[in-house]
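Content type mmCIF, C-alpha atoms (C1' of nucleotides), from the file upload_17.cif:
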```
data_input
loop_
_atom_site.group_PDB
_atom_site.id
_atom_site.type_symbol
_atom_site.label_atom_id
_atom_site.label_comp_id
_atom_site.auth_asym_id
_atom_site.auth_seq_id
_atom_site.Cartn_x
_atom_site.Cartn_y
_atom_site.Cartn_z
ATOM 1 C CA MET A 1 0.000 0.000 0.000
ATOM 2 C CA LEU A 2 1.012 3.545 -0.639
ATOM 3 C CA ARG A 3 2.411 5.354 2.380
ATOM 4 C CA LEU A 4 1.941 9.029 1.759
ATOM 5 C CA ASP A 5 4.095 10.223 4.602
ATOM 6 C CA THR A 6 7.058 7.929 4.287
ATOM 7 C CA ASP A 7 6.998 7.921 0.491
ATOM 8 C CA LEU A 8 6.697 11.607 -0.227
ATOM 9 C CA ASN A 9 9.350 13.824 1.229
ATOM 10 C CA ARG A 10 7.508 16.886 2.465
ATOM 11 C CA LEU A 11 10.662 18.944 2.406
ATOM 12 C CA LEU A 12 11.027 18.392 -1.326
ATOM 13 C CA HIS A 13 7.328 18.487 -2.101
ATOM 14 C CA GLU A 14 6.989 22.157 -1.273
ATOM 15 C CA PRO A 15 6.673 23.919 -4.656
ATOM 16 C CA ALA A 16 9.457 26.421 -4.109
ATOM 17 C CA ARG A 17 11.943 23.756 -3.078
ATOM 18 C CA LEU A 18 10.760 21.394 -5.773
ATOM 19 C CA ALA A 19 11.535 24.105 -8.307
ATOM 20 C CA LEU A 20 14.883 24.910 -6.721
ATOM 21 C CA MET A 21 16.027 21.322 -6.536
ATOM 22 C CA THR A 22 14.878 20.565 -10.050
ATOM 23 C CA ALA A 23 16.678 23.587 -11.414
ATOM 24 C CA LEU A 24 19.833 22.686 -9.519
ATOM 25 C CA SER A 25 19.699 19.141 -10.785
ATOM 26 C CA SER A 26 20.284 20.387 -14.293
ATOM 27 C CA CYS A 27 23.321 22.557 -13.633
ATOM 28 C CA GLU A 28 26.587 22.301 -11.806
ATOM 29 C CA SER A 29 25.811 25.240 -9.593
ATOM 30 C CA ALA A 30 23.809 28.448 -9.558
ATOM 31 C CA ASP A 31 24.078 31.670 -7.664
ATOM 32 C CA PHE A 32 21.604 33.189 -5.245
ATOM 33 C CA LEU A 33 20.201 35.849 -7.538
ATOM 34 C CA PHE A 34 19.817 33.455 -10.409
ATOM 35 C CA LEU A 35 17.723 31.167 -8.236
ATOM 36 C CA GLN A 36 15.711 34.137 -7.064
ATOM 37 C CA ARG A 37 15.011 35.097 -10.641
ATOM 38 C CA ILE A 38 13.767 31.720 -11.798
ATOM 39 C CA THR A 39 11.627 31.069 -8.735
ATOM 40 C CA GLY A 40 10.301 34.552 -8.095
ATOM 41 C CA LEU A 41 10.896 34.174 -4.370
ATOM 42 C CA THR A 42 11.871 37.061 -2.126
ATOM 43 C CA LYS A 43 15.427 37.052 -0.830
ATOM 44 C CA GLY A 44 14.292 36.260 2.670
ATOM 45 C CA ASN A 45 12.221 33.289 1.681
ATOM 46 C CA LEU A 46 14.747 31.983 -0.793
ATOM 47 C CA SER A 47 17.300 32.208 1.977
ATOM 48 C CA SER A 48 15.164 30.223 4.390
ATOM 49 C CA HIS A 49 14.303 27.569 1.808
ATOM 50 C CA LEU A 50 17.985 27.171 1.024
ATOM 51 C CA SER A 51 18.772 26.865 4.714
ATOM 52 C CA LYS A 52 16.305 24.027 5.085
ATOM 53 C CA LEU A 53 17.693 22.225 2.078
ATOM 54 C CA GLU A 54 21.193 22.695 3.424
ATOM 55 C CA GLU A 55 20.241 21.373 6.864
ATOM 56 C CA ALA A 56 18.790 18.340 5.155
ATOM 57 C CA GLY A 57 22.086 17.819 3.390
ATOM 58 C CA PHE A 58 20.584 18.256 -0.078
ATOM 59 C CA ILE A 59 22.597 21.271 -1.169
ATOM 60 C CA ARG A 60 25.986 22.790 -0.505
ATOM 61 C CA ILE A 61 26.245 26.554 -0.134
ATOM 62 C CA THR A 62 29.520 28.223 -0.978
ATOM 63 C CA LYS A 63 30.134 31.874 -0.216
ATOM 64 C CA GLN A 64 32.860 33.707 -1.997
ATOM 65 C CA PHE A 65 33.819 37.207 -3.028
ATOM 66 C CA VAL A 66 33.811 38.291 -6.623
ATOM 67 C CA GLY A 67 36.107 41.250 -6.254
ATOM 68 C CA LYS A 68 34.564 42.832 -3.149
ATOM 69 C CA VAL A 69 31.038 41.705 -3.827
ATOM 70 C CA PRO A 70 29.735 38.734 -1.850
ATOM 71 C CA ASN A 71 28.479 35.928 -4.049
ATOM 72 C CA THR A 72 26.653 32.797 -2.999
ATOM 73 C CA GLN A 73 26.870 29.644 -5.039
ATOM 74 C CA ILE A 74 24.488 26.756 -4.530
ATOM 75 C CA ALA A 75 25.004 23.202 -5.717
ATOM 76 C CA LEU A 76 23.318 19.873 -5.115
ATOM 77 C CA THR A 77 25.043 17.267 -3.012
ATOM 78 C CA ASP A 78 25.016 13.667 -4.203
ATOM 79 C CA SER A 79 22.341 13.000 -1.644
ATOM 80 C CA GLY A 80 20.278 15.904 -2.952
ATOM 81 C CA ARG A 81 20.635 14.787 -6.538
ATOM 82 C CA GLU A 82 19.405 11.365 -5.600
ATOM 83 C CA ALA A 83 16.580 12.726 -3.449
ATOM 84 C CA ILE A 84 15.076 14.933 -6.110
ATOM 85 C CA ALA A 85 15.259 12.180 -8.700
ATOM 86 C CA THR A 86 13.551 9.830 -6.293
ATOM 87 C CA HIS A 87 10.897 12.376 -5.508
ATOM 88 C CA TRP A 88 9.913 12.804 -9.135
ATOM 89 C CA LYS A 89 9.886 9.058 -9.538
ATOM 90 C CA GLN A 90 7.538 8.715 -6.579
ATOM 91 C CA LEU A 91 5.244 11.376 -7.965
ATOM 92 C CA ASP A 92 5.120 9.422 -11.202
ATOM 93 C CA GLU A 93 4.314 6.290 -9.233
ATOM 94 C CA LEU A 94 1.587 8.022 -7.280
ATOM 95 C CA ARG A 95 0.060 9.202 -10.511
ATOM 96 C CA SER A 96 0.161 5.842 -12.249
ATOM 97 C CA GLY A 97 -0.635 3.891 -9.101
ATOM 98 C CA MET A 98 -3.720 5.919 -8.346
ATOM 99 C CA SER A 99 -4.834 5.819 -11.937
ATOM 100 C CA GLY A 100 -5.160 2.065 -12.228
ATOM 101 C CA ILE A 101 -7.921 1.581 -9.717
ATOM 102 C CA GLU A 102 -9.516 -1.864 -9.853
ATOM 103 C CA GLY A 103 -12.441 -1.912 -7.455
ATOM 104 C CA ARG A 104 -14.257 0.610 -5.359
ATOM 105 C CA ASP A 105 -15.314 -1.659 -2.534
ATOM 106 C CA SER A 106 -14.000 -1.179 0.952
ATOM 107 C CA THR A 107 -12.350 -3.575 3.340
ATOM 108 C CA VAL A 108 -10.951 -1.231 5.963
ATOM 109 C CA LYS A 109 -11.485 -1.837 9.629
ATOM 110 C CA ASN A 110 -11.650 0.898 12.271
ATOM 111 C CA MET B 1 8.356 33.501 -15.564
ATOM 112 C CA LEU B 2 7.071 30.719 -13.396
ATOM 113 C CA ARG B 3 4.718 31.839 -10.649
ATOM 114 C CA LEU B 4 4.816 29.185 -7.990
ATOM 115 C CA ASP B 5 1.849 30.429 -6.048
ATOM 116 C CA THR B 6 -0.553 31.138 -8.824
ATOM 117 C CA ASP B 7 0.508 28.171 -10.903
ATOM 118 C CA LEU B 8 0.488 25.431 -8.339
ATOM 119 C CA ASN B 9 -2.727 24.882 -6.483
ATOM 120 C CA ARG B 10 -1.715 24.282 -2.886
ATOM 121 C CA LEU B 11 -4.996 22.581 -2.154
ATOM 122 C CA LEU B 12 -4.265 19.926 -4.747
ATOM 123 C CA HIS B 13 -0.549 19.733 -4.110
ATOM 124 C CA GLU B 14 -0.973 18.246 -0.651
ATOM 125 C CA PRO B 15 -0.006 14.559 -1.063
ATOM 126 C CA ALA B 16 -3.167 13.126 0.468
ATOM 127 C CA ARG B 17 -5.438 15.212 -1.734
ATOM 128 C CA LEU B 18 -3.253 14.656 -4.767
ATOM 129 C CA ALA B 19 -3.701 10.927 -4.252
ATOM 130 C CA LEU B 20 -7.432 11.261 -3.646
ATOM 131 C CA MET B 21 -8.068 13.401 -6.686
ATOM 132 C CA THR B 22 -5.921 11.241 -8.911
ATOM 133 C CA ALA B 23 -7.698 8.109 -7.784
ATOM 134 C CA LEU B 24 -11.090 9.720 -8.292
ATOM 135 C CA SER B 25 -10.114 10.869 -11.753
ATOM 136 C CA SER B 26 -9.914 7.286 -12.875
ATOM 137 C CA CYS B 27 -13.285 6.093 -11.628
ATOM 138 C CA GLU B 28 -16.868 7.272 -11.716
ATOM 139 C CA SER B 29 -17.139 7.344 -7.965
ATOM 140 C CA ALA B 30 -15.688 5.723 -4.879
ATOM 141 C CA ASP B 31 -16.902 5.239 -1.362
ATOM 142 C CA PHE B 32 -15.399 6.549 1.840
ATOM 143 C CA LEU B 33 -13.832 3.331 3.033
ATOM 144 C CA PHE B 34 -12.367 2.570 -0.342
ATOM 145 C CA LEU B 35 -10.634 5.928 -0.359
ATOM 146 C CA GLN B 36 -9.446 5.326 3.165
ATOM 147 C CA ARG B 37 -7.961 2.009 2.125
ATOM 148 C CA ILE B 38 -5.993 3.289 -0.825
ATOM 149 C CA THR B 39 -4.676 6.386 0.937
ATOM 150 C CA GLY B 40 -4.071 4.958 4.389
ATOM 151 C CA LEU B 41 -5.586 8.047 6.012
ATOM 152 C CA THR B 42 -7.532 7.947 9.252
ATOM 153 C CA LYS B 43 -11.278 8.520 9.004
ATOM 154 C CA GLY B 44 -11.011 11.890 10.640
ATOM 155 C CA ASN B 45 -8.338 13.173 8.345
ATOM 156 C CA LEU B 46 -9.898 11.691 5.242
ATOM 157 C CA SER B 47 -13.091 13.420 6.258
ATOM 158 C CA SER B 48 -11.427 16.786 6.613
ATOM 159 C CA HIS B 49 -9.528 16.465 3.337
ATOM 160 C CA LEU B 50 -12.777 15.602 1.590
ATOM 161 C CA SER B 51 -14.469 18.586 3.185
ATOM 162 C CA LYS B 52 -11.822 20.896 1.818
ATOM 163 C CA LEU B 53 -12.083 19.437 -1.640
ATOM 164 C CA GLU B 54 -15.845 19.758 -1.474
ATOM 165 C CA GLU B 55 -15.664 23.388 -0.342
ATOM 166 C CA ALA B 56 -13.397 24.058 -3.292
ATOM 167 C CA GLY B 57 -15.997 22.529 -5.585
ATOM 168 C CA PHE B 58 -13.698 19.751 -6.754
ATOM 169 C CA ILE B 59 -15.754 16.808 -5.534
ATOM 170 C CA ARG B 60 -19.372 15.957 -4.887
ATOM 171 C CA ILE B 61 -20.235 13.964 -1.792
ATOM 172 C CA THR B 62 -23.378 11.864 -1.831
ATOM 173 C CA LYS B 63 -24.665 10.214 1.307
ATOM 174 C CA GLN B 64 -27.082 7.331 1.017
ATOM 175 C CA PHE B 65 -28.232 4.305 2.939
ATOM 176 C CA VAL B 66 -27.429 0.817 1.780
ATOM 177 C CA GLY B 67 -30.134 -0.964 3.697
ATOM 178 C CA LYS B 68 -29.709 0.711 7.074
ATOM 179 C CA VAL B 69 -26.008 1.317 6.768
ATOM 180 C CA PRO B 70 -24.869 4.808 5.891
ATOM 181 C CA ASN B 71 -22.673 4.956 2.825
ATOM 182 C CA THR B 72 -20.763 7.887 1.423
ATOM 183 C CA GLN B 73 -19.975 8.149 -2.255
ATOM 184 C CA ILE B 74 -17.441 10.610 -3.593
ATOM 185 C CA ALA B 75 -17.110 11.748 -7.194
ATOM 186 C CA LEU B 76 -15.187 14.439 -9.026
ATOM 187 C CA THR B 77 -17.034 17.440 -10.374
ATOM 188 C CA ASP B 78 -16.197 18.670 -13.856
ATOM 189 C CA SER B 79 -14.228 21.440 -12.234
ATOM 190 C CA GLY B 80 -12.317 18.924 -10.127
ATOM 191 C CA ARG B 81 -11.545 16.717 -13.071
ATOM 192 C CA GLU B 82 -10.140 19.672 -14.916
ATOM 193 C CA ALA B 83 -8.212 20.927 -11.888
ATOM 194 C CA ILE B 84 -6.373 17.692 -11.222
ATOM 195 C CA ALA B 85 -5.484 17.279 -14.882
ATOM 196 C CA THR B 86 -4.175 20.823 -14.943
ATOM 197 C CA HIS B 87 -2.201 20.256 -11.791
ATOM 198 C CA TRP B 88 -0.359 17.270 -13.192
ATOM 199 C CA LYS B 89 0.293 19.193 -16.358
ATOM 200 C CA GLN B 90 1.787 22.050 -14.376
ATOM 201 C CA LEU B 91 3.990 19.678 -12.431
ATOM 202 C CA ASP B 92 5.227 18.307 -15.741
ATOM 203 C CA GLU B 93 5.902 21.829 -16.901
ATOM 204 C CA LEU B 94 7.743 22.708 -13.729
ATOM 205 C CA ARG B 95 9.917 19.658 -14.181
ATOM 206 C CA SER B 96 10.727 20.280 -17.800
ATOM 207 C CA GLY B 97 10.907 24.054 -17.410
ATOM 208 C CA MET B 98 13.354 23.867 -14.543
ATOM 209 C CA SER B 99 15.425 21.271 -16.328
ATOM 210 C CA GLY B 100 16.296 23.378 -19.332
ATOM 211 C CA ILE B 101 18.299 26.044 -17.598
ATOM 212 C CA GLU B 102 20.301 28.246 -19.928
ATOM 213 C CA GLY B 103 22.429 30.583 -17.874
ATOM 214 C CA ARG B 104 23.242 30.975 -14.232
ATOM 215 C CA ASP B 105 23.803 34.709 -14.167
ATOM 216 C CA SER B 106 21.513 36.967 -12.236
ATOM 217 C CA THR B 107 19.597 40.035 -13.272
ATOM 218 C CA VAL B 108 17.251 40.519 -10.336
ATOM 219 C CA LYS B 109 16.852 43.869 -8.679
ATOM 220 C CA ASN B 110 15.902 44.352 -5.037
ATOM 221 C "C1'" DG C 1 -29.274 -9.170 25.584
ATOM 222 C "C1'" DT C 2 -25.267 -7.086 25.925
ATOM 223 C "C1'" DA C 3 -20.680 -6.197 24.580
ATOM 224 C "C1'" DA C 4 -17.816 -5.345 20.827
ATOM 225 C "C1'" DA C 5 -16.846 -3.840 16.384
ATOM 226 C "C1'" DC C 6 -18.131 -1.113 12.413
ATOM 227 C "C1'" DA C 7 -19.803 3.030 9.417
ATOM 228 C "C1'" DG C 8 -18.873 7.730 8.963
ATOM 229 C "C1'" DG C 9 -17.987 11.150 10.575
ATOM 230 C "C1'" DT C 10 -16.931 16.183 13.900
ATOM 231 C "C1'" DT C 11 -14.125 18.566 17.085
ATOM 232 C "C1'" DT C 12 -10.063 19.817 19.512
ATOM 233 C "C1'" DG C 13 -5.314 20.700 20.385
ATOM 234 C "C1'" DC C 14 -0.756 21.090 18.955
ATOM 235 C "C1'" DG C 15 3.386 21.591 16.571
ATOM 236 C "C1'" DT C 16 5.054 23.000 11.853
ATOM 237 C "C1'" DT C 17 4.851 25.617 7.936
ATOM 238 C "C1'" DG C 18 5.249 29.431 4.436
ATOM 239 C "C1'" DC C 19 5.063 34.073 3.774
ATOM 240 C "C1'" DA C 20 5.569 39.051 3.946
ATOM 241 C "C1'" DA C 21 7.833 42.572 6.049
ATOM 242 C "C1'" DA C 22 11.320 44.637 8.725
ATOM 243 C "C1'" DC C 23 15.890 44.965 9.520
ATOM 244 C "C1'" DC C 24 20.904 44.484 8.727
ATOM 245 C "C1'" DG C 25 26.042 45.400 7.242
ATOM 246 C "C1'" DG C 26 28.604 46.053 3.557
ATOM 247 C "C1'" DT C 27 29.391 47.785 -1.580
ATOM 248 C "C1'" DT C 28 28.864 50.145 -5.691
ATOM 249 C "C1'" DT C 29 26.817 53.803 -8.541
ATOM 250 C "C1'" DG C 30 25.422 58.480 -9.588
ATOM 251 C "C1'" DC D 1 26.528 61.862 0.147
ATOM 252 C "C1'" DA D 2 22.391 59.387 -1.022
ATOM 253 C "C1'" DA D 3 20.345 55.703 -3.282
ATOM 254 C "C1'" DA D 4 20.340 51.244 -4.913
ATOM 255 C "C1'" DC D 5 22.260 46.603 -4.705
ATOM 256 C "C1'" DC D 6 24.082 42.125 -2.590
ATOM 257 C "C1'" DG D 7 22.821 38.544 0.501
ATOM 258 C "C1'" DG D 8 21.009 37.600 3.789
ATOM 259 C "C1'" DT D 9 18.524 37.060 9.343
ATOM 260 C "C1'" DT D 10 14.699 37.751 12.268
ATOM 261 C "C1'" DT D 11 9.980 38.257 13.515
ATOM 262 C "C1'" DG D 12 5.063 37.702 13.512
ATOM 263 C "C1'" DC D 13 1.050 35.643 11.942
ATOM 264 C "C1'" DA D 14 -2.283 32.875 9.818
ATOM 265 C "C1'" DA D 15 -2.991 28.457 7.821
ATOM 266 C "C1'" DC D 16 -2.099 23.723 7.753
ATOM 267 C "C1'" DG D 17 -1.768 18.562 8.696
ATOM 268 C "C1'" DC D 18 -2.186 15.228 11.995
ATOM 269 C "C1'" DA D 19 -3.428 12.334 15.922
ATOM 270 C "C1'" DA D 20 -6.636 11.598 19.249
ATOM 271 C "C1'" DA D 21 -10.939 11.995 21.426
ATOM 272 C "C1'" DC D 22 -15.572 11.865 20.883
ATOM 273 C "C1'" DC D 23 -20.132 10.921 18.724
ATOM 274 C "C1'" DT D 24 -24.610 8.524 16.802
ATOM 275 C "C1'" DG D 25 -26.307 4.745 15.094
ATOM 276 C "C1'" DT D 26 -25.969 -0.295 13.173
ATOM 277 C "C1'" DT D 27 -24.522 -4.914 12.873
ATOM 278 C "C1'" DT D 28 -22.276 -9.044 14.598
ATOM 279 C "C1'" DA D 29 -20.805 -12.371 18.245
ATOM 280 C "C1'" DC D 30 -21.453 -14.731 22.353
#
```
If you took the structure in this file and wrote it as structure tokens, what would it be?
Amino acid sequence: MLRLDTDLNRLLHEPARLALMTALSSCESADFLFLQRITGLTKGNLSSHLSKLEEAGFIRITKQFVGKVPNTQIALTDSGREAIATHWKQLDELRSGMSGIEGRDSTVKN
Amino acid sequence: MLRLDTDLNRLLHEPARLALMTALSSCESADFLFLQRITGLTKGNLSSHLSKLEEAGFIRITKQFVGKVPNTQIALTDSGREAIATHWKQLDELRSGMSGIEGRDSTVKN
DNA sequence: GTAAACAGGTTTGCGTTGCAAACCGGTTTG
DNA sequence: CAAACCGGTTTGCAACGCAAACCTGTTTAC
């Protein structure tokens, strides 16, 4: 049986983070403002989403100076790359699994 | 540009409701216990998810008696059928849109 | 006949989110 | 010197999801 909670990673399911992780999975790394542009998030919220992804070990955040200007680069970790791939796979499975419904009788007990 | 909030319907994005709506989209109607079985939700939470979907006009809930036993049938409305199809389409678009990233420079202003 | 389980919920309480908005220190531009 | 920009942190609030408790009535088991 499908286990919604254990199967679907809530952290990755959030639209903003889903977009971020998917974008990151198709490039080596991206900088803060680039990610802000493609997601439309405010700096504050982008920052907090990135922090959560970093805490989860899905991304690596590298701060550097370009001349004197601070610049923040974000890249997926191996774990993050695997997690986002898995998440999309599970969404596909949910979709196909829920589409092939055989019966509509019930056999649940309280 | 992608607008996360306007594009992705939060109501439908919730895993439990995504599963419910997807299941319902492949059958005429289903009863309460059947939906509980395939989602693994508790009665209480299934009930509240269904209420939200009903308030949004995505499903129609029909209560009847089978003999003396109460029985609850749930079916998608036209609006619901369209909404779930659209939602999956938008997820597909997010995935493909975020995968074809051209540059990683930034041009956002504060 | 009475206790237990079942159908189908509602209500309550709680911890977690996501978001906007305010604030911040430093830098570059005009 | 002021304004805008870079890259955030912090705060406050409303909404959410969930488990658990509770409910009315029905059916089954002993």
Review point. So which residues touch Leu20 of chain B within 9 Å, counting all atoms listed in the file, skipping near sequence neighbours fewer than 4 positions away, as an NGL selection string?
Key: (:A and (98)) or (:B and (15-16 or 24-25 or 35 or 38-39 or 49-50))
Point to revise | Test item: the PyMOL selection byres ((chain C) within 12 of (chain B)) resolved as JSON, numbers by chain | key: {"C": [6, 7, 8, 9, 10, 11, 12, 18, 19]}
File of the preceding selection, C-alpha atoms (C1' of nucleotides), as a short mmCIF file (atom, residue, chain, number, x, y, z; two decimals), in the frame of the given file:
```
data_model
loop_
_atom_site.label_atom_id
_atom_site.label_comp_id
_atom_site.auth_asym_id
_atom_site.auth_seq_id
_atom_site.Cartn_x
_atom_site.Cartn_y
_atom_site.Cartn_z
"C1'" DC C 6 -18.13 -1.11 12.41
"C1'" DA C 7 -19.80 3.03 9.42
"C1'" DG C 8 -18.87 7.73 8.96
"C1'" DG C 9 -17.99 11.15 10.58
"C1'" DT C 10 -16.93 16.18 13.90
"C1'" DT C 11 -14.12 18.57 17.08
"C1'" DT C 12 -10.06 19.82 19.51
"C1'" DG C 18 5.25 29.43 4.44
"C1'" DC C 19 5.06 34.07 3.77
#
```
Point to revise | Picked residues, the PyMOL selection byres ((chain D) within 10 of (chain B)), expected as an MDAnalysis selection string | key: chainID D and resid 4:6 17:20 25:27
Convert the current residue selection to file output with C-alpha atoms (C1' of nucleotides), as a JSON list (two decimals), in the frame of the given file.
```
[["chain", "number", "residue", "atom", "x", "y", "z"],
["D", 4, "DA", "C1'", 20.34, 51.24, -4.91],
["D", 5, "DC", "C1'", 22.26, 46.60, -4.70],
["D", 6, "DC", "C1'", 24.08, 42.12, -2.59],
["D", 17, "DG", "C1'", -1.77, 18.56, 8.70],
["D", 18, "DC", "C1'", -2.19, 15.23, 12.00],
["D", 19, "DA", "C1'", -3.43, 12.33, 15.92],
["D", 20, "DA", "C1'", -6.64, 11.60, 19.25],
["D", 25, "DG", "C1'", -26.31, 4.74, 15.09],
["D", 26, "DT", "C1'", -25.97, -0.30, 13.17],
["D", 27, "DT", "C1'", -24.52, -4.91, 12.87]]
```
Exercise for review: Pick out the residues sitting within 12 Å of DC30 of chain D, and hand them over as a ChimeraX atom specification; count all atoms listed in the file, and ignore anything fewer than 5 positions along from it in its own chain.
Suggested key: /C:1-4
Review point. Separation of atom CA of His13 of chain B and atom CA of His13 of chain A, in Å?
Key: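 Interatomic distance here is 8.2 Å.
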Point to revise | Nearest to chain A, chosen from B:Val66, B:Leu11, B:Ala83, B:Met21, with all atoms listed in the file counted in the distances | key: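 Under the stated criterion, the closest residue is B:Met21.
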Exercise for review: Grab the atom CA of Gln73 of chain A to atom CA of Ala30 of chain A distance for me, in Å with one decimal place.
Suggested key: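 Atom CA of Ala30 of chain A lies at a distance of 5.6 Å from atom CA of Gln73 of chain A.
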Exercise for review: To one decimal in Å, tell me the separation between atom CA of Ala23 of chain B and atom CA of Ser99 of chain A.
Suggested key: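 If I compute the distance from atom CA of Ala23 of chain B to atom CA of Ser99 of chain A, I get 5.5 Å.
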Review point. Residues at most 12 Å from DA3 of chain D, counting all atoms listed in the file, excluding those fewer than 5 positions away in the same chain, as a ChimeraX atom specification?
Key: /C:28-30
Check your understanding: Using only C-alpha atoms, which of the listed residues (A:Arg60, A:Arg37, A:Lys52, A:His87) sits closest to chain B?
Key ->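 Between A:Arg60, A:Arg37, A:Lys52, A:His87, the residue approaching chain B most closely is A:Arg37.
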Can you take the partial segment 71-83 of chain A, add N, CA and C atoms, and return it as an mmCIF file, in the coordinates of the input?
```
data_model
loop_
_atom_site.group_PDB
_atom_site.id
_atom_site.type_symbol
_atom_site.label_atom_id
_atom_site.label_comp_id
_atom_site.auth_asym_id
_atom_site.auth_seq_id
_atom_site.Cartn_x
_atom_site.Cartn_y
_atom_site.Cartn_z
ATOM 1 N N ASN A 71 29.199 36.738 -3.073
ATOM 2 C CA ASN A 71 28.479 35.928 -4.049
ATOM 3 C C ASN A 71 28.267 34.551 -3.459
ATOM 4 N N THR A 72 27.016 34.069 -3.606
ATOM 5 C CA THR A 72 26.653 32.797 -2.999
ATOM 6 C C THR A 72 26.338 31.775 -4.071
ATOM 7 N N GLN A 73 27.103 30.709 -4.073
ATOM 8 C CA GLN A 73 26.870 29.644 -5.039
ATOM 9 C C GLN A 73 26.188 28.468 -4.362
ATOM 10 N N ILE A 74 25.229 27.888 -5.080
ATOM 11 C CA ILE A 74 24.488 26.756 -4.530
ATOM 12 C C ILE A 74 24.617 25.571 -5.474
ATOM 13 N N ALA A 75 24.900 24.411 -4.906
ATOM 14 C CA ALA A 75 25.004 23.202 -5.717
ATOM 15 C C ALA A 75 24.376 22.024 -4.983
ATOM 16 N N LEU A 76 23.857 21.084 -5.722
ATOM 17 C CA LEU A 76 23.318 19.873 -5.115
ATOM 18 C C LEU A 76 24.445 19.014 -4.549
ATOM 19 N N THR A 77 24.153 18.322 -3.479
ATOM 20 C CA THR A 77 25.043 17.267 -3.012
ATOM 21 C C THR A 77 24.629 15.984 -3.732
ATOM 22 N N ASP A 78 25.397 14.946 -3.597
ATOM 23 C CA ASP A 78 25.016 13.667 -4.203
ATOM 24 C C ASP A 78 23.682 13.205 -3.632
ATOM 25 N N SER A 79 23.577 13.358 -2.330
ATOM 26 C CA SER A 79 22.341 13.000 -1.644
ATOM 27 C C SER A 79 21.151 13.770 -2.182
ATOM 28 N N GLY A 80 21.351 15.065 -2.423
ATOM 29 C CA GLY A 80 20.278 15.904 -2.952
ATOM 30 C C GLY A 80 19.896 15.513 -4.362
ATOM 31 N N ARG A 81 20.897 15.187 -5.155
ATOM 32 C CA ARG A 81 20.635 14.787 -6.538
ATOM 33 C C ARG A 81 19.815 13.508 -6.573
ATOM 34 N N GLU A 82 20.151 12.623 -5.671
ATOM 35 C CA GLU A 82 19.405 11.365 -5.600
ATOM 36 C C GLU A 82 17.981 11.610 -5.090
ATOM 37 N N ALA A 83 17.881 12.478 -4.077
ATOM 38 C CA ALA A 83 16.580 12.726 -3.449
ATOM 39 C C ALA A 83 15.579 13.344 -4.414
#
```
